[in-house]
>>> print(open('entry01.csv').read())   # CSV, N, CA and C atoms
chain,number,residue,atom,x,y,z
F,1,MET,N,21.9,16.8,11.0
F,1,MET,CA,21.2,17.4,9.9
F,1,MET,C,19.8,16.7,9.7
F,2,LYS,N,19.7,15.4,9.8
F,2,LYS,CA,18.5,14.7,9.7
F,2,LYS,C,17.5,15.2,10.7
F,3,LYS,N,17.9,15.6,11.9
F,3,LYS,CA,17.0,16.0,12.9
F,3,LYS,C,16.4,17.4,12.6
F,4,ASP,N,17.0,18.1,11.7
F,4,ASP,CA,16.4,19.4,11.2
F,4,ASP,C,15.3,19.3,10.2
F,5,ILE,N,15.1,18.1,9.6
F,5,ILE,CA,14.1,17.9,8.6
F,5,ILE,C,12.8,17.5,9.3
F,6,ASP,N,11.7,18.3,9.1
F,6,ASP,CA,10.5,18.0,9.7
F,6,ASP,C,9.6,17.3,8.7
F,7,ILE,N,9.3,16.0,9.0
F,7,ILE,CA,8.4,15.2,8.1
F,7,ILE,C,7.2,14.9,9.0
F,8,PRO,N,6.0,15.6,8.6
F,8,PRO,CA,4.8,15.4,9.5
F,8,PRO,C,4.3,14.0,9.5
F,9,GLU,N,3.4,13.7,10.5
F,9,GLU,CA,2.8,12.4,10.6
F,9,GLU,C,1.8,12.2,9.5
F,10,VAL,N,1.7,11.0,8.9
F,10,VAL,CA,0.8,10.7,7.9
F,10,VAL,C,-0.5,10.2,8.5
F,11,THR,N,-1.6,10.8,8.1
F,11,THR,CA,-3.0,10.3,8.5
F,11,THR,C,-3.9,10.3,7.3
F,12,ASP,N,-4.8,9.4,7.4
F,12,ASP,CA,-5.8,9.3,6.3
F,12,ASP,C,-5.3,8.9,4.9
F,13,VAL,N,-4.1,8.3,4.9
F,13,VAL,CA,-3.5,7.7,3.7
F,13,VAL,C,-3.2,6.3,4.1
F,14,TYR,N,-3.7,5.3,3.3
F,14,TYR,CA,-3.6,3.9,3.7
F,14,TYR,C,-3.1,3.0,2.6
F,15,VAL,N,-2.6,1.8,2.9
F,15,VAL,CA,-2.3,0.8,1.9
F,15,VAL,C,-3.3,-0.4,2.3
F,16,ALA,N,-3.9,-0.9,1.3
F,16,ALA,CA,-4.8,-2.1,1.5
F,16,ALA,C,-4.5,-3.2,0.5
F,17,ALA,N,-4.7,-4.4,0.9
F,17,ALA,CA,-4.6,-5.6,0.0
F,17,ALA,C,-6.0,-6.0,-0.2
F,18,VAL,N,-6.5,-6.0,-1.4
F,18,VAL,CA,-7.9,-6.3,-1.7
F,18,VAL,C,-7.9,-7.5,-2.7
F,19,ARG,N,-8.8,-8.5,-2.4
F,19,ARG,CA,-8.9,-9.7,-3.2
F,19,ARG,C,-10.0,-9.4,-4.2
F,20,GLU,N,-9.6,-9.5,-5.5
F,20,GLU,CA,-10.5,-9.2,-6.6
F,20,GLU,C,-10.5,-10.3,-7.7
F,21,LYS,N,-11.6,-10.4,-8.4
F,21,LYS,CA,-11.7,-11.3,-9.5
F,21,LYS,C,-11.0,-10.7,-10.7
F,22,HIS,N,-10.0,-11.4,-11.3
F,22,HIS,CA,-9.3,-10.9,-12.5
F,22,HIS,C,-10.3,-11.0,-13.6
F,23,GLU,N,-10.5,-9.9,-14.3
F,23,GLU,CA,-11.5,-9.9,-15.4
F,23,GLU,C,-11.2,-10.8,-16.5
F,24,GLU,N,-10.0,-10.9,-16.9
F,24,GLU,CA,-9.6,-11.7,-18.1
F,24,GLU,C,-9.5,-13.2,-17.7
F,25,TYR,N,-8.8,-13.5,-16.6
F,25,TYR,CA,-8.6,-14.9,-16.3
F,25,TYR,C,-9.6,-15.6,-15.3
F,26,GLY,N,-10.4,-14.7,-14.6
F,26,GLY,CA,-11.4,-15.2,-13.7
F,26,GLY,C,-10.8,-15.7,-12.4
F,27,SER,N,-9.6,-15.5,-12.2
F,27,SER,CA,-8.9,-15.9,-10.9
F,27,SER,C,-9.2,-14.9,-9.8
F,28,LEU,N,-9.1,-15.3,-8.5
F,28,LEU,CA,-9.1,-14.4,-7.4
F,28,LEU,C,-7.7,-14.0,-7.1
F,29,ASP,N,-7.4,-12.7,-7.2
F,29,ASP,CA,-6.1,-12.2,-7.0
F,29,ASP,C,-6.0,-11.1,-5.9
F,30,TRP,N,-4.9,-11.1,-5.2
F,30,TRP,CA,-4.7,-10.0,-4.2
F,30,TRP,C,-4.0,-8.8,-4.9
F,31,ASN,N,-4.5,-7.6,-4.7
F,31,ASN,CA,-3.8,-6.4,-5.3
F,31,ASN,C,-3.6,-5.4,-4.2
F,32,ALA,N,-2.5,-4.7,-4.2
F,32,ALA,CA,-2.2,-3.7,-3.3
F,32,ALA,C,-2.7,-2.3,-3.8
F,33,TYR,N,-3.3,-1.5,-3.0
F,33,TYR,CA,-3.8,-0.2,-3.4
F,33,TYR,C,-3.3,0.9,-2.4
F,34,LEU,N,-3.1,2.1,-2.9
F,34,LEU,CA,-2.9,3.2,-2.1
F,34,LEU,C,-4.2,4.0,-2.0
F,35,ILE,N,-4.6,4.4,-0.8
F,35,ILE,CA,-5.9,5.1,-0.6
F,35,ILE,C,-5.7,6.5,-0.1
F,36,ASN,N,-6.2,7.5,-0.7
F,36,ASN,CA,-6.2,8.8,-0.2
F,36,ASN,C,-7.5,9.2,0.4
F,37,ASP,N,-7.6,9.2,1.7
F,37,ASP,CA,-8.8,9.6,2.4
F,37,ASP,C,-8.8,11.0,2.9
F,38,LEU,N,-7.8,11.8,2.3
F,38,LEU,CA,-7.7,13.2,2.7
F,38,LEU,C,-8.6,14.1,1.8
F,39,SER,N,-8.6,15.4,2.2
F,39,SER,CA,-9.4,16.3,1.3
F,39,SER,C,-8.4,17.1,0.4
F,40,GLU,N,-7.1,16.6,0.4
F,40,GLU,CA,-6.1,17.2,-0.4
F,40,GLU,C,-5.6,16.2,-1.5
F,41,THR,N,-5.1,16.7,-2.6
F,41,THR,CA,-4.5,15.8,-3.6
F,41,THR,C,-3.1,15.4,-3.2
F,42,LEU,N,-2.7,14.2,-3.3
F,42,LEU,CA,-1.4,13.7,-3.1
F,42,LEU,C,-0.6,13.9,-4.4
F,43,GLU,N,0.6,14.5,-4.4
F,43,GLU,CA,1.3,14.8,-5.6
F,43,GLU,C,2.7,14.1,-5.5
F,44,SER,N,3.2,13.7,-6.7
F,44,SER,CA,4.5,13.1,-6.8
F,44,SER,C,4.7,11.9,-5.8
F,45,VAL,N,3.8,11.0,-5.9
F,45,VAL,CA,3.8,9.9,-5.0
F,45,VAL,C,4.8,8.9,-5.5
F,46,LEU,N,5.7,8.4,-4.6
F,46,LEU,CA,6.7,7.4,-4.8
F,46,LEU,C,6.4,6.3,-3.9
F,47,ILE,N,6.3,5.0,-4.4
F,47,ILE,CA,6.1,3.9,-3.6
F,47,ILE,C,7.2,2.9,-3.9
F,48,VAL,N,7.9,2.4,-2.8
F,48,VAL,CA,8.9,1.4,-3.0
F,48,VAL,C,8.4,0.2,-2.2
F,49,SER,N,8.3,-1.0,-2.9
F,49,SER,CA,7.8,-2.2,-2.2
F,49,SER,C,8.8,-3.3,-2.3
F,50,LYS,N,8.7,-4.2,-1.3
F,50,LYS,CA,9.5,-5.4,-1.3
F,50,LYS,C,8.9,-6.4,-0.3
F,51,GLY,N,9.2,-7.6,-0.5
F,51,GLY,CA,8.9,-8.7,0.4
F,51,GLY,C,10.1,-9.3,1.0
F,52,TYR,N,10.0,-9.7,2.3
F,52,TYR,CA,11.2,-10.2,3.0
F,52,TYR,C,10.8,-11.1,4.2
F,53,ASP,N,11.7,-11.9,4.6
F,53,ASP,CA,11.7,-12.6,5.9
F,53,ASP,C,13.1,-12.8,6.3
F,54,GLU,N,13.4,-13.7,7.3
F,54,GLU,CA,14.7,-13.9,7.8
F,54,GLU,C,15.7,-14.5,6.7
F,55,LYS,N,15.1,-15.3,5.8
F,55,LYS,CA,15.9,-16.0,4.8
F,55,LYS,C,15.8,-15.5,3.4
F,56,ARG,N,14.7,-14.8,3.0
F,56,ARG,CA,14.4,-14.5,1.6
F,56,ARG,C,14.1,-13.0,1.5
F,57,GLU,N,14.3,-12.5,0.3
F,57,GLU,CA,13.9,-11.1,-0.1
F,57,GLU,C,13.6,-11.1,-1.5
F,58,THR,N,12.5,-10.4,-1.9
F,58,THR,CA,12.1,-10.2,-3.3
F,58,THR,C,12.9,-9.0,-3.9
F,59,SER,N,12.7,-8.9,-5.2
F,59,SER,CA,13.2,-7.7,-5.8
F,59,SER,C,12.5,-6.5,-5.3
F,60,VAL,N,13.2,-5.3,-5.3
F,60,VAL,CA,12.5,-4.1,-4.9
F,60,VAL,C,11.8,-3.5,-6.2
F,61,MET,N,10.5,-3.1,-5.9
F,61,MET,CA,9.7,-2.6,-7.0
F,61,MET,C,9.5,-1.1,-6.7
F,62,ARG,N,9.5,-0.3,-7.7
F,62,ARG,CA,9.3,1.2,-7.6
F,62,ARG,C,8.1,1.6,-8.4
F,63,HIS,N,7.2,2.4,-7.8
F,63,HIS,CA,6.0,2.8,-8.5
F,63,HIS,C,5.9,4.4,-8.3
F,64,SER,N,5.3,5.0,-9.2
F,64,SER,CA,5.0,6.5,-9.1
F,64,SER,C,3.6,6.8,-9.5
F,65,ILE,N,3.0,7.7,-8.8
F,65,ILE,CA,1.7,8.2,-9.2
F,65,ILE,C,1.8,9.8,-9.2
F,66,ALA,N,1.6,10.4,-10.3
F,66,ALA,CA,1.8,11.9,-10.5
F,66,ALA,C,0.8,12.6,-9.5
F,67,LYS,N,-0.5,12.2,-9.5
F,67,LYS,CA,-1.4,12.9,-8.6
F,67,LYS,C,-2.5,11.9,-8.2
F,68,LEU,N,-2.8,11.9,-7.0
F,68,LEU,CA,-3.9,11.0,-6.5
F,68,LEU,C,-4.9,11.9,-5.8
F,69,PRO,N,-6.1,12.2,-6.5
F,69,PRO,CA,-7.1,13.1,-6.0
F,69,PRO,C,-7.6,12.8,-4.6
F,70,PRO,N,-8.2,13.7,-3.9
F,70,PRO,CA,-8.9,13.4,-2.6
F,70,PRO,C,-9.9,12.4,-2.7
F,71,GLN,N,-10.1,11.6,-1.7
F,71,GLN,CA,-11.1,10.5,-1.6
F,71,GLN,C,-11.0,9.6,-2.8
F,72,SER,N,-9.8,9.1,-3.2
F,72,SER,CA,-9.6,8.2,-4.3
F,72,SER,C,-8.6,7.2,-3.9
F,73,PHE,N,-8.4,6.3,-4.9
F,73,PHE,CA,-7.4,5.2,-4.7
F,73,PHE,C,-6.8,4.8,-6.0
F,74,ALA,N,-5.6,4.2,-5.9
F,74,ALA,CA,-4.9,3.7,-7.1
F,74,ALA,C,-4.3,2.3,-6.8
F,75,LYS,N,-4.4,1.5,-7.8
F,75,LYS,CA,-3.7,0.2,-7.7
F,75,LYS,C,-2.2,0.3,-7.8
F,76,VAL,N,-1.5,-0.3,-6.9
F,76,VAL,CA,-0.1,-0.2,-6.8
F,76,VAL,C,0.5,-1.5,-7.5
F,77,GLU,N,0.1,-2.7,-7.1
F,77,GLU,CA,0.7,-3.9,-7.7
F,77,GLU,C,-0.1,-5.1,-7.4
F,78,PHE,N,0.1,-6.1,-8.2
F,78,PHE,CA,-0.5,-7.4,-8.0
F,78,PHE,C,0.4,-8.1,-6.9
F,79,LEU,N,-0.2,-8.8,-6.0
F,79,LEU,CA,0.6,-9.6,-5.0
F,79,LEU,C,0.5,-11.1,-5.3
F,80,GLN,N,1.6,-11.7,-5.7
F,80,GLN,CA,1.6,-13.1,-6.0
F,80,GLN,C,1.4,-13.9,-4.7
F,81,GLU,N,0.7,-15.0,-4.8
F,81,GLU,CA,0.5,-15.9,-3.6
F,81,GLU,C,1.7,-16.2,-2.8
F,82,ASP,N,2.9,-16.4,-3.5
F,82,ASP,CA,4.1,-16.8,-2.7
F,82,ASP,C,4.6,-15.7,-1.9
F,83,VAL,N,4.4,-14.4,-2.2
F,83,VAL,CA,4.9,-13.3,-1.4
F,83,VAL,C,4.0,-13.0,-0.2
F,84,LEU,N,2.8,-13.6,-0.1
F,84,LEU,CA,2.0,-13.4,1.1
F,84,LEU,C,2.6,-14.1,2.3
F,85,GLN,N,3.5,-15.0,2.1
F,85,GLN,CA,4.2,-15.7,3.2
F,85,GLN,C,5.3,-14.9,3.7
F,86,LEU,N,5.6,-13.7,3.1
F,86,LEU,CA,6.7,-12.8,3.5
F,86,LEU,C,6.1,-11.6,4.1
F,87,ASN,N,6.9,-10.8,4.8
F,87,ASN,CA,6.5,-9.4,5.2
F,87,ASN,C,6.5,-8.6,3.9
F,88,ASN,N,5.5,-7.8,3.7
F,88,ASN,CA,5.4,-7.0,2.5
F,88,ASN,C,5.4,-5.6,2.9
F,89,GLU,N,6.5,-4.9,2.5
F,89,GLU,CA,6.7,-3.5,2.9
F,89,GLU,C,6.4,-2.5,1.8
F,90,PHE,N,5.6,-1.5,2.1
F,90,PHE,CA,5.4,-0.4,1.1
F,90,PHE,C,5.8,0.9,1.7
F,91,SER,N,6.9,1.5,1.2
F,91,SER,CA,7.4,2.7,1.7
F,91,SER,C,6.8,3.9,0.8
F,92,VAL,N,6.0,4.7,1.4
F,92,VAL,CA,5.2,5.7,0.6
F,92,VAL,C,5.7,7.1,0.9
F,93,SER,N,6.1,7.9,-0.1
F,93,SER,CA,6.4,9.3,0.0
F,93,SER,C,5.6,10.1,-0.9
F,94,PHE,N,5.2,11.3,-0.5
F,94,PHE,CA,4.3,12.2,-1.3
F,94,PHE,C,4.4,13.6,-0.8
F,95,PHE,N,3.9,14.5,-1.6
F,95,PHE,CA,3.7,15.9,-1.3
F,95,PHE,C,2.2,16.2,-1.2
F,96,ALA,N,1.9,17.0,-0.1
F,96,ALA,CA,0.5,17.5,0.1
F,96,ALA,C,0.6,18.7,1.0
F,97,GLU,N,-0.3,19.6,0.8
F,97,GLU,CA,-0.3,20.8,1.7
F,97,GLU,C,1.1,21.5,1.7
F,98,GLY,N,1.8,21.4,0.6
F,98,GLY,CA,3.1,22.1,0.5
F,98,GLY,C,4.2,21.4,1.3
F,99,LYS,N,4.0,20.2,1.8
F,99,LYS,CA,5.0,19.5,2.6
F,99,LYS,C,5.2,18.1,2.1
F,100,MET,N,6.4,17.6,2.4
F,100,MET,CA,6.7,16.2,2.1
F,100,MET,C,6.3,15.3,3.2
F,101,PHE,N,5.6,14.2,2.9
F,101,PHE,CA,5.2,13.2,3.9
F,101,PHE,C,5.8,11.8,3.5
F,102,HIS,N,6.0,11.0,4.6
F,102,HIS,CA,6.6,9.7,4.3
F,102,HIS,C,6.0,8.7,5.4
F,103,LYS,N,5.7,7.5,5.0
F,103,LYS,CA,5.3,6.5,5.9
F,103,LYS,C,5.6,5.1,5.3
F,104,LYS,N,6.0,4.2,6.2
F,104,LYS,CA,6.3,2.8,5.9
F,104,LYS,C,5.1,2.0,6.4
F,105,PHE,N,4.5,1.2,5.5
F,105,PHE,CA,3.4,0.3,5.8
F,105,PHE,C,3.9,-1.1,5.6
F,106,VAL,N,3.7,-2.0,6.6
F,106,VAL,CA,4.2,-3.4,6.5
F,106,VAL,C,3.1,-4.4,6.8
F,107,PHE,N,2.8,-5.2,5.8
F,107,PHE,CA,1.9,-6.4,6.1
F,107,PHE,C,2.8,-7.5,6.6
F,108,LYS,N,2.6,-7.9,7.8
F,108,LYS,CA,3.3,-9.0,8.4
F,108,LYS,C,3.1,-10.3,7.6
F,109,LYS,N,4.0,-11.2,7.6
F,109,LYS,CA,3.9,-12.4,6.9
F,109,LYS,C,2.6,-13.1,7.3
F,110,ASN,N,1.9,-13.7,6.3
F,110,ASN,CA,0.6,-14.4,6.4
F,110,ASN,C,-0.5,-13.6,6.9
F,111,SER,N,-0.4,-12.2,7.0
F,111,SER,CA,-1.5,-11.4,7.5
F,111,SER,C,-2.5,-11.1,6.4
F,112,ILE,N,-2.1,-11.3,5.2
F,112,ILE,CA,-3.1,-11.0,4.1
F,112,ILE,C,-3.8,-12.3,3.8
F,113,ASN,N,-5.0,-12.4,4.3
F,113,ASN,CA,-5.8,-13.6,4.2
F,113,ASN,C,-7.3,-13.3,4.3
F,114,GLU,N,-8.2,-14.2,4.0
F,114,GLU,CA,-9.6,-14.0,4.0
F,114,GLU,C,-10.1,-13.7,5.4
F,115,LYS,N,-9.6,-14.2,6.4
F,115,LYS,CA,-10.0,-14.0,7.8
F,115,LYS,C,-9.8,-12.6,8.2
F,116,ALA,N,-8.9,-11.9,7.6
F,116,ALA,CA,-8.5,-10.5,8.0
F,116,ALA,C,-9.3,-9.4,7.3
F,117,LEU,N,-10.2,-9.8,6.4
F,117,LEU,CA,-10.9,-8.9,5.6
F,117,LEU,C,-11.8,-8.0,6.4
F,118,ARG,N,-11.8,-6.7,6.1
F,118,ARG,CA,-12.7,-5.7,6.7
F,118,ARG,C,-13.0,-4.6,5.7
F,119,GLU,N,-14.0,-3.7,6.0
F,119,GLU,CA,-14.3,-2.7,5.0
F,119,GLU,C,-13.2,-1.7,4.9
F,120,VAL,N,-12.9,-1.4,3.6
F,120,VAL,CA,-11.8,-0.5,3.3
F,120,VAL,C,-12.4,0.9,2.9
F,121,PRO,N,-11.9,2.0,3.6
F,121,PRO,CA,-12.4,3.3,3.3
F,121,PRO,C,-12.2,3.7,1.9
F,122,VAL,N,-13.1,4.5,1.4
F,122,VAL,CA,-13.1,5.1,0.0
F,122,VAL,C,-13.4,4.1,-1.1
F,123,MET,N,-12.8,2.9,-1.0
F,123,MET,CA,-13.0,1.9,-2.0
F,123,MET,C,-14.4,1.2,-2.0
F,124,GLN,N,-15.0,1.1,-0.8
F,124,GLN,CA,-16.3,0.4,-0.6
F,124,GLN,C,-16.1,-1.1,-1.0
F,125,LYS,N,-14.9,-1.6,-0.6
F,125,LYS,CA,-14.7,-3.1,-0.8
F,125,LYS,C,-14.1,-3.6,0.5
F,126,LYS,N,-14.0,-4.9,0.6
F,126,LYS,CA,-13.3,-5.5,1.7
F,126,LYS,C,-11.9,-5.8,1.4
F,127,GLY,N,-11.0,-5.7,2.4
F,127,GLY,CA,-9.6,-5.9,2.2
F,127,GLY,C,-8.9,-5.9,3.5
F,128,VAL,N,-7.6,-6.1,3.4
F,128,VAL,CA,-6.7,-6.0,4.6
F,128,VAL,C,-6.1,-4.6,4.6
F,129,LEU,N,-6.4,-3.8,5.7
F,129,LEU,CA,-6.0,-2.4,5.7
F,129,LEU,C,-4.9,-2.1,6.6
F,130,LEU,N,-3.9,-1.3,6.2
F,130,LEU,CA,-2.9,-0.8,7.0
F,130,LEU,C,-3.1,0.7,7.1
F,131,LYS,N,-3.1,1.2,8.4
F,131,LYS,CA,-3.2,2.6,8.6
F,131,LYS,C,-1.9,3.2,9.0
>>> encode(input="entry01.csv", output="structure tokens")
Amino acid sequence: MKKDIDIPEVTDVYVAAVREKHEEYGSLDWNAYLINDLSETLESVLIVSKGYDEKRETSVMRHSIAKLPPQSFAKVEFLQEDVLQLNNEFSVSFFAEGKMFHKKFVFKKNSINEKALREVPVMQKKGVLLK
């Protein structure tokens, strides 16, 4: 039955970890963002995130975004420093073009760092990008 379900390949939708100054506390924090670089609106977006390695696993977090317009982005969650030592997985499902799409994005442990920064599409900021 699963083989009969057609889930198209996801392109031009990304997850990025961006280091930003917290306005209230003045600290430099990592935040995860979902980026829509498509010309279509993403609808009913569901994001399930977790951190893990061979010995540890974080709680599973669930997020939803009703609509993410074309060429836009939305903050998903704050990434605590301790979870950067783990693999950080973001499982993203959404509707666009009348179809359901799904993609799993994984930041490998310790891959979110200052040396990995590069330009992030749509946001005009530097971050660690997963395509």
>>> closest_residue(input="entry01.csv", among="F:Ala17, F:Ile65, F:Leu46, F:Val122", to="Lys104 of chain F", atoms="only C-alpha atoms")
F:Leu46
>>> atom_distance(input="entry01.csv", atom1="atom CA of Leu42 of chain F", atom2="atom CA of Ala66 of chain F")
8.3 Å
>>> closest_residue(input="entry01.csv", among="F:Lys126, F:Lys75, F:Arg19, F:Lys108", to="Ile35 of chain F", atoms="only N, CA and C atoms")
F:Lys75
>>> residues_near_point(input="entry01.csv", point="(6.0, -3.5, 1.1)", cutoff="6.5 Å", atoms="all atoms listed in the file", output="PyMOL selection string")
chain F and resi 48-51+87-91+105-107
>>> residues_around(input="entry01.csv", residues="Ala32 of chain F", least_positions_apart="2", cutoff="7 Å", atoms="only C-alpha atoms", output="number ranges by chain")
F: 15-18, 30, 75-79
>>> atom_distance(input="entry01.csv", atom1="atom N of Ser59 of chain F", atom2="atom C of Val10 of chain F")
27.0 Å
>>> select_by_dssp(input="entry01.csv", residues="chain F", states="strand (DSSP E or B)", output="MDAnalysis selection string")
chainID F and resid 13:21 28:36 42:52 57 61:68 72:79 87:96 99:107 118:120 125:130
>>> atom_distance(input="entry01.csv", atom1="atom N of Asp82 of chain F", atom2="atom N of Glu114 of chain F")
13.6 Å
>>> decode(input="entry01.csv", residues="segment 21-41 of chain F", atoms="N, CA, C and O atoms", output="tab-separated table (two decimals), in the first residue's frame")
chain	number	residue	atom	x	y	z
F	21	LYS	N	21.46	37.53	17.61
F	21	LYS	CA	21.51	38.17	18.93
F	21	LYS	C	20.10	38.24	19.49
F	21	LYS	O	19.18	38.72	18.83
F	22	HIS	N	19.93	37.74	20.70
F	22	HIS	CA	18.63	37.78	21.38
F	22	HIS	C	18.39	39.22	21.81
F	22	HIS	O	19.22	39.82	22.51
F	23	GLU	N	17.26	39.78	21.38
F	23	GLU	CA	16.98	41.19	21.64
F	23	GLU	C	16.89	41.53	23.13
F	23	GLU	O	17.38	42.56	23.57
F	24	GLU	N	16.28	40.65	23.89
F	24	GLU	CA	16.06	40.94	25.31
F	24	GLU	C	17.31	40.67	26.16
F	24	GLU	O	17.66	41.46	27.03
F	25	TYR	N	17.99	39.53	25.92
F	25	TYR	CA	19.10	39.13	26.78
F	25	TYR	C	20.47	39.50	26.21
F	25	TYR	O	21.47	39.43	26.91
F	26	GLY	N	20.53	39.83	24.92
F	26	GLY	CA	21.80	40.20	24.31
F	26	GLY	C	22.72	39.02	24.03
F	26	GLY	O	23.86	39.21	23.62
F	27	SER	N	22.25	37.80	24.24
F	27	SER	CA	23.07	36.62	23.99
F	27	SER	C	23.01	36.23	22.51
F	27	SER	O	22.08	36.58	21.80
F	28	LEU	N	24.03	35.50	22.05
F	28	LEU	CA	24.03	34.97	20.69
F	28	LEU	C	23.44	33.57	20.74
F	28	LEU	O	24.01	32.67	21.37
F	29	ASP	N	22.31	33.38	20.08
F	29	ASP	CA	21.59	32.11	20.13
F	29	ASP	C	21.44	31.52	18.73
F	29	ASP	O	21.35	32.24	17.74
F	30	TRP	N	21.38	30.19	18.67
F	30	TRP	CA	21.08	29.49	17.42
F	30	TRP	C	19.58	29.24	17.36
F	30	TRP	O	18.98	28.78	18.33
F	31	ASN	N	18.98	29.56	16.21
F	31	ASN	CA	17.56	29.31	15.99
F	31	ASN	C	17.39	28.55	14.68
F	31	ASN	O	18.11	28.80	13.72
F	32	ALA	N	16.44	27.62	14.67
F	32	ALA	CA	16.14	26.86	13.46
F	32	ALA	C	15.00	27.55	12.72
F	32	ALA	O	14.02	27.98	13.33
F	33	TYR	N	15.14	27.66	11.39
F	33	TYR	CA	14.14	28.29	10.54
F	33	TYR	C	13.74	27.36	9.41
F	33	TYR	O	14.57	26.59	8.91
F	34	LEU	N	12.49	27.46	9.00
F	34	LEU	CA	12.02	26.81	7.78
F	34	LEU	C	11.95	27.89	6.71
F	34	LEU	O	11.39	28.97	6.95
F	35	ILE	N	12.52	27.61	5.54
F	35	ILE	CA	12.60	28.59	4.46
F	35	ILE	C	11.84	28.08	3.24
F	35	ILE	O	12.06	26.95	2.79
F	36	ASN	N	10.94	28.90	2.74
F	36	ASN	CA	10.18	28.58	1.52
F	36	ASN	C	10.73	29.43	0.38
F	36	ASN	O	10.44	30.61	0.27
F	37	ASP	N	11.53	28.81	-0.50
F	37	ASP	CA	12.11	29.50	-1.65
F	37	ASP	C	11.31	29.19	-2.92
F	37	ASP	O	11.77	29.40	-4.03
F	38	LEU	N	10.11	28.66	-2.74
F	38	LEU	CA	9.22	28.33	-3.86
F	38	LEU	C	8.39	29.56	-4.28
F	38	LEU	O	8.35	30.55	-3.55
F	39	SER	N	7.69	29.43	-5.38
F	39	SER	CA	6.77	30.48	-5.79
F	39	SER	C	5.34	30.13	-5.36
F	39	SER	O	4.38	30.78	-5.75
F	40	GLU	N	5.20	29.07	-4.55
F	40	GLU	CA	3.91	28.60	-4.02
F	40	GLU	C	3.88	28.75	-2.50
F	40	GLU	O	4.92	28.63	-1.85
F	41	THR	N	2.70	28.93	-1.95
F	41	THR	CA	2.53	28.95	-0.50
F	41	THR	C	2.56	27.52	0.03
F	41	THR	O	1.97	26.62	-0.57
